[in-house]
Amino acid sequence: MAYYRQAGAVPPKRHTQHRDPDGRLYYEELMGEEGFSSDSSLLYHRHVPSAIVDAQPWNPPDHSTTSNHPLKPRHLRLHDLFPGNEWKALDPVTARRMVLGNADVHIGYVTAGSPSPLYRNAVGDECVYIESGTAVIETVFGGLDVGTGDYVIIPRGTTHRWVPAGATPLRAYAIQARSHITPARRYLSKFGQLLEHSPFCERDLRGPDGPLLADGEDVEVLVKHRGPGPGGVAGTRYTYQRHPFDVVGWDGCLYPYAFNISDYEPITGRIHQPPPAHQVFEGTGFVICNFVPRKVDYHPLAVPVPYYHSNVDSDEVMFYCGGDYEARKGSGIGPGSISLHPGGHPHGPQPGAVERSLGAEFFDELAVMVDTFRPLELGAAAPGCEDPGYAWTWAAR
């Protein structure tokens with residue numbers, strides 16, 4: 001995210017001496033992307049940031065997948081994965097359950113009520129959408145308060161932990177890339193500024209609130225990284241000599257941030273707008289769009305719901321997280337549902353939805369869509385929440 005921020009104490013010039021009031025030198029860490037050739041930040045630690053005293057294997061949540069075969073559309077009810085009150089003892093990292101994935105992106109879900117361990121994803125960036133609840137995300141950059149409707153972008157390699165707040169469960173939809181996640185390129189200048197036609201701007205982004213300056217010795221951090229495990233993912237449990245949240249200041253263009261979906265200004269037109277008009281983020285091999293409450297098509301003969309479509313180059317995943325999704329009425333889909341429409345299968349409104357939509361002026365719907373350009377497979381958690389009858393709901397029988 002090429003949007004400069006500064007927090008805490010940093011020296012006037014980078015890569016120069018920076019000392020505490022007693023004259024001790026702080027330890028400068030460059031956290032950067034693409035081999036010193038892209039966005040980066042400089043962090044200043046009180047202690048050596050690479051000082052580990054132990055490393056042990058750790059098994060991250062199951063990333064195994066099975067093919068979507070025979071090829072068919074799927075409906076997953078994610079709320080069914082966490083019944084009753086078991087969420088109170090679960091945390092937002094180790095309790096994530098993967099439902100879909102391919103070589104570019106893993107999609108998971110969690111309902112949680114307990115703080116997570118310190119955690120770092122060394123595989124790729126994470127985009128976590130908060131369906132409901134509130135939390136504080138403590139990071140090496142500082143704290144970030146998040147709540148219902150927030151997208152949270154956490155760059156690869158950021159040490160952090162989730163601390164749910166309040167008495168209600170934190171429900172989180174996790175899009176875990178094997179690349180970086182950025183705002184849609186069509187909305188960025190060549191220098192990275194969000195342009196005038198973008199549906200959001202830098203004023204809508206919330207960064208960390210400053211250094212945490214935590215103390216502690218022999219502190220454990222779970223690291224997910226590439227390896228020989230299922231889905232090409234493995235894990236290591238590091239023990240750091242000193243707490244990694246010892247940063248006194250940082251500056252740069254690489255840091256976690258939050259963006260609330262209510263601040264997205266939808267692009268509308270006289271006739272139905274295609275999904276790229278709703279794009280918000282992208283990563284290698286996938287894009288993220290959102291469908292928000294909006295005025296719909298205003299041509300006198302407009303058909304407000306989507307036309308039937310075969311996007312032959314991608315799989316489409318829709319997470320329904322609020323409102324009344326007009327095109328899906330009669331399908332069994334509701335809040336907390338995922339629909340998977342694979343490439344090679346034409347899909348669109350349920351029977352009767354087109355006629356019901358005629359004359360509509362406003363849609364009160366909220367959904368997060370991920371389109372992938374490689375086929376998605378089913379994660380280990382998918383069979384436990386699938387609606388087996390969804391594929392046949394277009395057949396008028």
# chains A, B, ... in the order shown; residues from 1 in each chain; ligands from 1
$ residues_around --residues "segment 280-282 of chain A" --least-positions-apart "3" --cutoff "12 Å" --atoms "only C-alpha atoms" --output "tab-separated table (two decimals) with all heavy atoms, in the first residue's frame"
chain	number	residue	atom	x	y	z
A	1	MET	N	0.86	-1.18	0.00
A	1	MET	CA	0.00	0.00	0.00
A	1	MET	C	0.90	1.23	0.00
A	1	MET	O	1.52	1.54	1.01
A	1	MET	CB	-0.89	-0.01	1.24
A	1	MET	CG	-1.88	1.14	1.28
A	1	MET	SD	-3.06	1.05	-0.05
A	1	MET	CE	-3.39	2.77	-0.33
A	104	ASP	N	-3.17	-20.45	-5.45
A	104	ASP	CA	-3.03	-19.00	-5.27
A	104	ASP	C	-3.65	-18.47	-4.00
A	104	ASP	O	-3.21	-17.44	-3.47
A	104	ASP	CB	-3.66	-18.27	-6.46
A	104	ASP	CG	-3.01	-18.60	-7.77
A	104	ASP	OD1	-1.76	-18.62	-7.81
A	104	ASP	OD2	-3.72	-18.83	-8.76
A	105	VAL	N	-4.71	-19.11	-3.51
A	105	VAL	CA	-5.46	-18.55	-2.40
A	105	VAL	C	-6.16	-19.65	-1.62
A	105	VAL	O	-6.60	-20.66	-2.19
A	105	VAL	CB	-6.49	-17.51	-2.92
A	105	VAL	CG1	-7.52	-18.15	-3.84
A	105	VAL	CG2	-7.14	-16.75	-1.80
A	125	ASP	N	-0.02	-12.48	1.96
A	125	ASP	CA	-0.87	-11.53	2.66
A	125	ASP	C	-2.20	-12.18	3.03
A	125	ASP	O	-2.64	-13.13	2.38
A	125	ASP	CB	-1.15	-10.31	1.78
A	125	ASP	CG	0.07	-9.45	1.52
A	125	ASP	OD1	1.16	-9.78	2.02
A	125	ASP	OD2	-0.07	-8.44	0.81
A	126	GLU	N	-2.86	-11.62	4.05
A	126	GLU	CA	-4.19	-12.05	4.43
A	126	GLU	C	-5.16	-10.88	4.32
A	126	GLU	O	-4.82	-9.74	4.69
A	126	GLU	CB	-4.20	-12.57	5.87
A	126	GLU	CG	-3.37	-13.83	6.07
A	126	GLU	CD	-3.53	-14.46	7.44
A	126	GLU	OE1	-4.21	-13.85	8.31
A	126	GLU	OE2	-2.98	-15.56	7.66
A	127	CYS	N	-6.34	-11.17	3.81
A	127	CYS	CA	-7.46	-10.23	3.81
A	127	CYS	C	-8.56	-10.90	4.62
A	127	CYS	O	-9.14	-11.90	4.18
A	127	CYS	CB	-7.93	-9.92	2.39
A	127	CYS	SG	-9.44	-8.93	2.32
A	128	VAL	N	-8.84	-10.37	5.80
A	128	VAL	CA	-9.83	-10.97	6.70
A	128	VAL	C	-11.03	-10.03	6.76
A	128	VAL	O	-10.89	-8.85	7.12
A	128	VAL	CB	-9.25	-11.21	8.10
A	128	VAL	CG1	-10.30	-11.85	9.00
A	128	VAL	CG2	-8.01	-12.10	8.01
A	151	TYR	N	-12.72	-4.92	6.34
A	151	TYR	CA	-11.66	-5.69	5.72
A	151	TYR	C	-10.37	-5.37	6.49
A	151	TYR	O	-10.08	-4.19	6.76
A	151	TYR	CB	-11.43	-5.29	4.27
A	151	TYR	CG	-12.46	-5.74	3.27
A	151	TYR	CD1	-13.41	-4.85	2.77
A	151	TYR	CD2	-12.46	-7.03	2.78
A	151	TYR	CE1	-14.33	-5.24	1.81
A	151	TYR	CE2	-13.38	-7.45	1.83
A	151	TYR	CZ	-14.31	-6.55	1.34
A	151	TYR	OH	-15.21	-6.94	0.39
A	152	VAL	N	-9.59	-6.39	6.81
A	152	VAL	CA	-8.30	-6.18	7.46
A	152	VAL	C	-7.23	-6.79	6.56
A	152	VAL	O	-7.27	-7.99	6.27
A	152	VAL	CB	-8.25	-6.85	8.85
A	152	VAL	CG1	-6.95	-6.48	9.55
A	152	VAL	CG2	-9.45	-6.43	9.70
A	153	ILE	N	-6.31	-5.97	6.08
A	153	ILE	CA	-5.21	-6.42	5.24
A	153	ILE	C	-3.97	-6.54	6.11
A	153	ILE	O	-3.52	-5.55	6.70
A	153	ILE	CB	-4.95	-5.45	4.07
A	153	ILE	CG1	-6.22	-5.24	3.25
A	153	ILE	CG2	-3.81	-5.98	3.20
A	153	ILE	CD1	-6.72	-6.48	2.54
A	175	ILE	N	-9.35	-14.67	3.69
A	175	ILE	CA	-8.83	-14.88	2.34
A	175	ILE	C	-7.32	-14.82	2.45
A	175	ILE	O	-6.74	-13.75	2.67
A	175	ILE	CB	-9.38	-13.81	1.38
A	175	ILE	CG1	-10.91	-13.82	1.38
A	175	ILE	CG2	-8.83	-14.01	-0.03
A	175	ILE	CD1	-11.52	-12.56	0.78
A	176	GLN	N	-6.67	-15.96	2.33
A	176	GLN	CA	-5.23	-16.08	2.59
A	176	GLN	C	-4.51	-16.32	1.27
A	176	GLN	O	-4.66	-17.38	0.66
A	176	GLN	CB	-4.98	-17.22	3.58
A	176	GLN	CG	-5.71	-16.99	4.91
A	176	GLN	CD	-5.81	-18.25	5.74
A	176	GLN	OE1	-5.05	-18.47	6.68
A	176	GLN	NE2	-6.76	-19.13	5.40
A	177	ALA	N	-3.73	-15.33	0.84
A	177	ALA	CA	-3.08	-15.38	-0.46
A	177	ALA	C	-1.73	-16.09	-0.37
A	177	ALA	O	-1.17	-16.29	0.71
A	177	ALA	CB	-2.89	-13.97	-1.00
A	178	ARG	N	-1.20	-16.42	-1.51
A	178	ARG	CA	0.20	-16.83	-1.63
A	178	ARG	C	0.99	-15.73	-2.36
A	178	ARG	O	2.01	-15.99	-2.99
A	178	ARG	CB	0.30	-18.16	-2.36
A	178	ARG	CG	-0.39	-19.30	-1.62
A	178	ARG	CD	-0.26	-20.62	-2.36
A	178	ARG	NE	1.06	-21.20	-2.23
A	178	ARG	CZ	1.43	-22.07	-1.31
A	178	ARG	NH1	0.56	-22.47	-0.39
A	178	ARG	NH2	2.65	-22.55	-1.27
A	179	SER	N	0.49	-14.52	-2.25
A	179	SER	CA	1.07	-13.35	-2.91
A	179	SER	C	0.74	-12.14	-2.05
A	179	SER	O	0.32	-12.28	-0.90
A	179	SER	CB	0.45	-13.19	-4.31
A	179	SER	OG	-0.95	-12.94	-4.20
A	180	HIS	N	0.90	-10.96	-2.61
A	180	HIS	CA	0.48	-9.74	-1.93
A	180	HIS	C	-0.93	-9.37	-2.37
A	180	HIS	O	-1.38	-9.74	-3.46
A	180	HIS	CB	1.46	-8.61	-2.23
A	180	HIS	CG	2.86	-8.91	-1.79
A	180	HIS	ND1	3.18	-9.20	-0.48
A	180	HIS	CD2	4.02	-9.00	-2.49
A	180	HIS	CE1	4.47	-9.44	-0.38
A	180	HIS	NE2	5.00	-9.33	-1.58
A	181	ILE	N	-1.64	-8.65	-1.51
A	181	ILE	CA	-2.99	-8.18	-1.79
A	181	ILE	C	-2.96	-6.66	-1.81
A	181	ILE	O	-2.48	-6.03	-0.86
A	181	ILE	CB	-3.99	-8.69	-0.74
A	181	ILE	CG1	-4.05	-10.22	-0.77
A	181	ILE	CG2	-5.37	-8.09	-0.97
A	181	ILE	CD1	-4.91	-10.83	0.34
A	182	THR	N	-3.45	-6.07	-2.90
A	182	THR	CA	-3.41	-4.63	-3.07
A	182	THR	C	-4.79	-4.12	-3.51
A	182	THR	O	-5.62	-4.91	-3.98
A	182	THR	CB	-2.38	-4.22	-4.15
A	182	THR	OG1	-2.84	-4.69	-5.43
A	182	THR	CG2	-1.02	-4.83	-3.85
A	183	PRO	N	-5.03	-2.81	-3.40
A	183	PRO	CA	-6.22	-2.27	-4.05
A	183	PRO	C	-6.19	-2.57	-5.55
A	183	PRO	O	-5.12	-2.76	-6.14
A	183	PRO	CB	-6.12	-0.76	-3.78
A	183	PRO	CG	-5.30	-0.67	-2.54
A	183	PRO	CD	-4.30	-1.79	-2.64
A	184	ALA	N	-7.36	-2.61	-6.16
A	184	ALA	CA	-7.45	-2.90	-7.60
A	184	ALA	C	-6.58	-1.93	-8.40
A	184	ALA	O	-6.64	-0.71	-8.19
A	184	ALA	CB	-8.90	-2.81	-8.06
A	185	ARG	N	-5.79	-2.46	-9.31
A	185	ARG	CA	-4.85	-1.63	-10.07
A	185	ARG	C	-5.55	-0.54	-10.88
A	185	ARG	O	-4.99	0.54	-11.11
A	185	ARG	CB	-4.01	-2.50	-11.00
A	185	ARG	CG	-2.85	-3.20	-10.31
A	185	ARG	CD	-2.16	-4.17	-11.22
A	185	ARG	NE	-2.99	-5.35	-11.45
A	185	ARG	CZ	-2.63	-6.38	-12.23
A	185	ARG	NH1	-1.48	-6.35	-12.85
A	185	ARG	NH2	-3.43	-7.42	-12.37
A	186	ARG	N	-6.78	-0.81	-11.32
A	186	ARG	CA	-7.48	0.18	-12.14
A	186	ARG	C	-7.76	1.47	-11.37
A	186	ARG	O	-8.08	2.49	-11.96
A	186	ARG	CB	-8.80	-0.40	-12.67
A	186	ARG	CG	-9.84	-0.65	-11.60
A	186	ARG	CD	-11.22	-0.90	-12.23
A	186	ARG	NE	-11.21	-2.02	-13.14
A	186	ARG	CZ	-11.33	-3.29	-12.78
A	186	ARG	NH1	-11.47	-3.60	-11.50
A	186	ARG	NH2	-11.31	-4.25	-13.65
A	187	TYR	N	-7.66	1.40	-10.04
A	187	TYR	CA	-7.94	2.57	-9.21
A	187	TYR	C	-6.69	3.29	-8.74
A	187	TYR	O	-6.77	4.25	-7.98
A	187	TYR	CB	-8.76	2.16	-7.99
A	187	TYR	CG	-10.09	1.52	-8.32
A	187	TYR	CD1	-10.54	0.43	-7.59
A	187	TYR	CD2	-10.88	1.99	-9.36
A	187	TYR	CE1	-11.76	-0.17	-7.88
A	187	TYR	CE2	-12.09	1.40	-9.66
A	187	TYR	CZ	-12.53	0.32	-8.92
A	187	TYR	OH	-13.73	-0.27	-9.22
A	188	LEU	N	-5.51	2.83	-9.17
A	188	LEU	CA	-4.25	3.39	-8.66
A	188	LEU	C	-3.52	4.16	-9.74
A	188	LEU	O	-3.46	3.75	-10.91
A	188	LEU	CB	-3.34	2.27	-8.15
A	188	LEU	CG	-3.86	1.45	-6.96
A	188	LEU	CD1	-2.90	0.30	-6.67
A	188	LEU	CD2	-4.02	2.33	-5.73
A	194	LEU	N	-4.72	6.37	-4.84
A	194	LEU	CA	-6.07	6.02	-5.27
A	194	LEU	C	-6.66	7.18	-6.05
A	194	LEU	O	-6.68	8.32	-5.59
A	194	LEU	CB	-6.93	5.67	-4.05
A	194	LEU	CG	-6.59	4.31	-3.44
A	194	LEU	CD1	-7.09	4.21	-2.00
A	194	LEU	CD2	-7.16	3.18	-4.27
A	198	SER	N	-11.89	6.00	-8.11
A	198	SER	CA	-11.89	4.87	-7.19
A	198	SER	C	-13.09	4.96	-6.24
A	198	SER	O	-13.46	6.05	-5.80
A	198	SER	CB	-10.60	4.86	-6.37
A	198	SER	OG	-10.68	3.92	-5.32
A	199	PRO	N	-13.71	3.82	-5.89
A	199	PRO	CA	-14.85	3.85	-4.97
A	199	PRO	C	-14.45	4.01	-3.50
A	199	PRO	O	-15.30	3.98	-2.62
A	199	PRO	CB	-15.53	2.50	-5.21
A	199	PRO	CG	-14.44	1.62	-5.71
A	199	PRO	CD	-13.50	2.48	-6.48
A	200	PHE	N	-13.16	4.17	-3.23
A	200	PHE	CA	-12.70	4.51	-1.88
A	200	PHE	C	-11.37	5.25	-2.01
A	200	PHE	O	-10.78	5.30	-3.09
A	200	PHE	CB	-12.56	3.27	-0.99
A	200	PHE	CG	-11.59	2.22	-1.49
A	200	PHE	CD1	-10.34	2.09	-0.90
A	200	PHE	CD2	-11.92	1.35	-2.51
A	200	PHE	CE1	-9.43	1.13	-1.34
A	200	PHE	CE2	-11.04	0.38	-2.95
A	200	PHE	CZ	-9.79	0.27	-2.37
A	201	CYS	N	-10.93	5.86	-0.92
A	201	CYS	CA	-9.68	6.62	-0.99
A	201	CYS	C	-8.90	6.45	0.32
A	201	CYS	O	-9.36	5.78	1.26
A	201	CYS	CB	-9.94	8.09	-1.28
A	201	CYS	SG	-10.59	9.02	0.12
A	259	PHE	N	-10.30	-1.35	6.37
A	259	PHE	CA	-11.18	-0.57	5.51
A	259	PHE	C	-12.58	-1.13	5.68
A	259	PHE	O	-12.81	-2.32	5.49
A	259	PHE	CB	-10.71	-0.68	4.05
A	259	PHE	CG	-11.74	-0.22	3.05
A	259	PHE	CD1	-12.13	1.11	3.00
A	259	PHE	CD2	-12.31	-1.11	2.16
A	259	PHE	CE1	-13.07	1.54	2.08
A	259	PHE	CE2	-13.25	-0.68	1.23
A	259	PHE	CZ	-13.64	0.64	1.19
A	260	ASN	N	-13.52	-0.28	6.06
A	260	ASN	CA	-14.88	-0.76	6.29
A	260	ASN	C	-15.69	-0.75	5.01
A	260	ASN	O	-15.66	0.23	4.25
A	260	ASN	CB	-15.58	0.06	7.37
A	260	ASN	CG	-16.81	-0.65	7.90
A	260	ASN	OD1	-17.91	-0.54	7.33
A	260	ASN	ND2	-16.64	-1.40	8.98
A	261	ILE	N	-16.43	-1.82	4.81
A	261	ILE	CA	-17.19	-1.97	3.57
A	261	ILE	C	-18.25	-0.88	3.41
A	261	ILE	O	-18.64	-0.54	2.29
A	261	ILE	CB	-17.83	-3.39	3.52
A	261	ILE	CG1	-18.26	-3.74	2.10
A	261	ILE	CG2	-18.97	-3.51	4.52
A	261	ILE	CD1	-18.66	-5.20	1.93
A	263	ASP	N	-17.74	2.16	3.73
A	263	ASP	CA	-17.09	3.30	3.10
A	263	ASP	C	-16.84	3.09	1.61
A	263	ASP	O	-16.26	3.96	0.95
A	263	ASP	CB	-15.76	3.60	3.80
A	263	ASP	CG	-15.96	4.18	5.19
A	263	ASP	OD1	-16.90	4.98	5.36
A	263	ASP	OD2	-15.20	3.81	6.10
A	264	TYR	N	-17.27	1.97	1.09
A	264	TYR	CA	-17.14	1.69	-0.35
A	264	TYR	C	-18.31	2.35	-1.07
A	264	TYR	O	-19.48	2.10	-0.75
A	264	TYR	CB	-17.13	0.18	-0.58
A	264	TYR	CG	-16.90	-0.24	-2.02
A	264	TYR	CD1	-15.63	-0.48	-2.48
A	264	TYR	CD2	-17.97	-0.41	-2.89
A	264	TYR	CE1	-15.40	-0.88	-3.79
A	264	TYR	CE2	-17.76	-0.81	-4.20
A	264	TYR	CZ	-16.47	-1.04	-4.65
A	264	TYR	OH	-16.26	-1.42	-5.95
A	265	GLU	N	-18.00	3.20	-2.06
A	265	GLU	CA	-19.04	3.91	-2.80
A	265	GLU	C	-19.32	3.15	-4.10
A	265	GLU	O	-18.50	3.14	-5.01
A	265	GLU	CB	-18.57	5.34	-3.11
A	265	GLU	CG	-18.21	6.15	-1.88
A	265	GLU	CD	-19.37	6.28	-0.90
A	265	GLU	OE1	-20.54	6.25	-1.34
A	265	GLU	OE2	-19.11	6.41	0.31
A	266	PRO	N	-20.49	2.50	-4.20
A	266	PRO	CA	-20.73	1.62	-5.35
A	266	PRO	C	-20.83	2.39	-6.66
A	266	PRO	O	-21.30	3.53	-6.71
A	266	PRO	CB	-22.07	0.96	-4.99
A	266	PRO	CG	-22.73	1.92	-4.05
A	266	PRO	CD	-21.62	2.54	-3.26
A	267	ILE	N	-20.38	1.75	-7.73
A	267	ILE	CA	-20.46	2.29	-9.08
A	267	ILE	C	-21.73	1.72	-9.72
A	267	ILE	O	-21.90	0.49	-9.81
A	267	ILE	CB	-19.21	1.92	-9.89
A	267	ILE	CG1	-17.97	2.56	-9.25
A	267	ILE	CG2	-19.36	2.36	-11.34
A	267	ILE	CD1	-16.66	2.08	-9.86
A	275	PRO	N	-19.30	-7.50	-12.72
A	275	PRO	CA	-18.60	-7.60	-11.43
A	275	PRO	C	-17.34	-6.76	-11.30
A	275	PRO	O	-17.06	-6.26	-10.20
A	275	PRO	CB	-18.31	-9.10	-11.33
A	275	PRO	CG	-19.43	-9.74	-12.07
A	275	PRO	CD	-19.71	-8.83	-13.23
A	276	PRO	N	-16.52	-6.54	-12.36
A	276	PRO	CA	-15.34	-5.69	-12.15
A	276	PRO	C	-15.65	-4.30	-11.61
A	276	PRO	O	-14.80	-3.67	-10.99
A	276	PRO	CB	-14.70	-5.63	-13.54
A	276	PRO	CG	-15.08	-6.93	-14.18
A	276	PRO	CD	-16.49	-7.19	-13.70
A	277	ALA	N	-16.88	-3.81	-11.82
A	277	ALA	CA	-17.26	-2.51	-11.27
A	277	ALA	C	-17.32	-2.53	-9.75
A	277	ALA	O	-17.32	-1.47	-9.12
A	277	ALA	CB	-18.62	-2.08	-11.83
A	285	GLY	N	-3.61	-14.20	-9.19
A	285	GLY	CA	-4.53	-15.30	-9.48
A	285	GLY	C	-5.93	-15.11	-8.94
A	285	GLY	O	-6.76	-16.02	-9.08
A	286	PHE	N	-6.27	-13.96	-8.37
A	286	PHE	CA	-7.63	-13.76	-7.87
A	286	PHE	C	-7.92	-12.27	-7.68
A	286	PHE	O	-7.00	-11.45	-7.61
A	286	PHE	CB	-7.86	-14.50	-6.55
A	286	PHE	CG	-7.10	-13.93	-5.38
A	286	PHE	CD1	-7.69	-13.03	-4.51
A	286	PHE	CD2	-5.78	-14.31	-5.14
A	286	PHE	CE1	-6.99	-12.51	-3.43
A	286	PHE	CE2	-5.07	-13.79	-4.06
A	286	PHE	CZ	-5.68	-12.89	-3.21
A	287	VAL	N	-9.20	-11.95	-7.63
A	287	VAL	CA	-9.65	-10.60	-7.31
A	287	VAL	C	-10.71	-10.69	-6.22
A	287	VAL	O	-11.35	-11.74	-6.03
A	287	VAL	CB	-10.23	-9.86	-8.54
A	287	VAL	CG1	-9.17	-9.69	-9.62
A	287	VAL	CG2	-11.45	-10.59	-9.09
A	288	ILE	N	-10.90	-9.59	-5.49
A	288	ILE	CA	-11.92	-9.50	-4.44
A	288	ILE	C	-12.86	-8.35	-4.80
A	288	ILE	O	-12.40	-7.23	-5.08
A	288	ILE	CB	-11.30	-9.25	-3.06
A	288	ILE	CG1	-10.30	-10.37	-2.71
A	288	ILE	CG2	-12.38	-9.14	-1.98
A	288	ILE	CD1	-9.50	-10.12	-1.43
A	289	CYS	N	-14.16	-8.63	-4.83
A	289	CYS	CA	-15.18	-7.62	-5.09
A	289	CYS	C	-16.15	-7.61	-3.91
A	289	CYS	O	-16.21	-8.56	-3.13
A	289	CYS	CB	-15.95	-7.94	-6.37
A	289	CYS	SG	-14.92	-8.12	-7.86
A	290	ASN	N	-16.90	-6.51	-3.78
A	290	ASN	CA	-17.97	-6.51	-2.79
A	290	ASN	C	-19.23	-5.90	-3.39
A	290	ASN	O	-19.19	-4.99	-4.22
A	290	ASN	CB	-17.58	-5.82	-1.49
A	290	ASN	CG	-16.89	-4.50	-1.60
A	290	ASN	OD1	-16.05	-4.16	-0.78
A	290	ASN	ND2	-17.23	-3.71	-2.62
A	291	PHE	N	-20.36	-6.44	-2.97
A	291	PHE	CA	-21.67	-5.96	-3.41
A	291	PHE	C	-22.34	-5.35	-2.19
A	291	PHE	O	-22.58	-6.03	-1.19
A	291	PHE	CB	-22.48	-7.12	-3.98
A	291	PHE	CG	-21.88	-7.70	-5.23
A	291	PHE	CD1	-20.87	-8.65	-5.16
A	291	PHE	CD2	-22.30	-7.27	-6.47
A	291	PHE	CE1	-20.29	-9.17	-6.30
A	291	PHE	CE2	-21.72	-7.78	-7.63
A	291	PHE	CZ	-20.72	-8.73	-7.55
A	292	VAL	N	-22.62	-4.06	-2.27
A	292	VAL	CA	-23.09	-3.29	-1.12
A	292	VAL	C	-24.48	-2.73	-1.42
A	292	VAL	O	-24.91	-2.69	-2.58
A	292	VAL	CB	-22.11	-2.16	-0.78
A	292	VAL	CG1	-20.72	-2.72	-0.47
A	292	VAL	CG2	-22.03	-1.14	-1.91
A	368	VAL	N	-19.30	-10.50	-0.21
A	368	VAL	CA	-17.89	-10.43	-0.60
A	368	VAL	C	-17.64	-11.53	-1.63
A	368	VAL	O	-17.96	-12.70	-1.38
A	368	VAL	CB	-16.97	-10.62	0.62
A	368	VAL	CG1	-15.51	-10.69	0.18
A	368	VAL	CG2	-17.16	-9.50	1.62
A	369	MET	N	-17.11	-11.17	-2.77
A	369	MET	CA	-16.88	-12.13	-3.84
A	369	MET	C	-15.39	-12.29	-4.11
A	369	MET	O	-14.64	-11.30	-4.13
A	369	MET	CB	-17.58	-11.68	-5.13
A	369	MET	CG	-17.49	-12.71	-6.26
A	369	MET	SD	-18.41	-12.22	-7.73
A	369	MET	CE	-17.22	-11.11	-8.50
A	370	VAL	N	-14.96	-13.53	-4.31
A	370	VAL	CA	-13.60	-13.84	-4.74
A	370	VAL	C	-13.71	-14.58	-6.06
A	370	VAL	O	-14.37	-15.62	-6.14
A	370	VAL	CB	-12.86	-14.71	-3.71
A	370	VAL	CG1	-11.45	-15.05	-4.21
A	370	VAL	CG2	-12.77	-13.99	-2.36
A	371	ASP	N	-13.09	-14.04	-7.10
A	371	ASP	CA	-12.97	-14.74	-8.38
A	371	ASP	C	-11.53	-15.22	-8.51
A	371	ASP	O	-10.59	-14.44	-8.38
A	371	ASP	CB	-13.29	-13.80	-9.54
A	371	ASP	CG	-14.76	-13.77	-9.90
A	371	ASP	OD1	-15.56	-14.35	-9.15
A	371	ASP	OD2	-15.11	-13.15	-10.92
A	372	THR	N	-11.37	-16.52	-8.77
A	372	THR	CA	-10.03	-17.09	-8.93
A	372	THR	C	-9.82	-17.52	-10.36
A	372	THR	O	-10.76	-17.92	-11.05
A	372	THR	CB	-9.84	-18.30	-8.01
A	372	THR	OG1	-10.67	-19.38	-8.45
A	372	THR	CG2	-10.19	-17.97	-6.56
A	373	PHE	N	-8.58	-17.46	-10.82
A	373	PHE	CA	-8.29	-17.79	-12.21
A	373	PHE	C	-7.64	-19.16	-12.35
A	373	PHE	O	-7.21	-19.52	-13.45
A	373	PHE	CB	-7.43	-16.67	-12.82
A	373	PHE	CG	-8.15	-15.35	-12.79
A	373	PHE	CD1	-7.81	-14.39	-11.87
A	373	PHE	CD2	-9.22	-15.11	-13.63
A	373	PHE	CE1	-8.49	-13.18	-11.80
A	373	PHE	CE2	-9.92	-13.92	-13.57
A	373	PHE	CZ	-9.56	-12.95	-12.67
$ residues_around --residues "Gly389 of chain A" --least-positions-apart "5" --cutoff "12 Å" --atoms "only C-alpha atoms" --output "PyMOL selection string"
chain A and resi 72-76+330-333+394-395
$ closest_residue --among "A:Thr94, A:Gln56, A:Thr66, A:Thr268" --to "Glu361 of chain A" --atoms "only C-alpha atoms"
A:Thr268
$ closest_residue --among "A:Arg14, A:His341, A:Arg77, A:His45" --to "Cys385 of chain A" --atoms "only C-alpha atoms"
A:Arg77
$ residues_around --residues "segment 239-252 of chain A" --least-positions-apart "2" --cutoff "7 Å" --atoms "only C-alpha atoms" --output "PyMOL selection string"
chain A and resi 4-10+40-46+49+51-55+140+211-221+237+254
$ select_by_dssp --residues "segment 182-241 of chain A" --states "strand (DSSP E or B)" --output "PyMOL selection string"
chain A and resi 182-183+188+194+205-206+217-226+233-241
$ closest_residue --among "A:Asp39, A:Glu377, A:Glu326, A:Glu86" --to "Val354 of chain A" --atoms "only C-alpha atoms"
A:Glu326
$ atom_distance --atom1 "atom CA of Tyr3 of chain A" --atom2 "atom CA of His278 of chain A"
22.2 Å
$ residues_around --residues "Ala258 of chain A" --least-positions-apart "3" --cutoff "12 Å" --atoms "only C-alpha atoms" --output "count of residues only"
34
$ closest_atom_pairs --of "segment 133-166 of chain A" --to "segment 223-232 of chain A" --cutoff "12 Å" --atoms "only C-alpha atoms" --output "CSV"
residue,atom,partner,partner_atom,distance
A:Arg156,CA,A:His225,CA,10.1
A:Gly157,CA,A:Val223,CA,8.6
A:Thr158,CA,A:Val223,CA,10.0
A:Thr159,CA,A:Val223,CA,8.6
A:His160,CA,A:Val223,CA,10.5
A:Arg161,CA,A:Val223,CA,11.7
$ atom_distance --atom1 "atom CA of Phe363 of chain A" --atom2 "atom CA of His347 of chain A"
19.8 Å
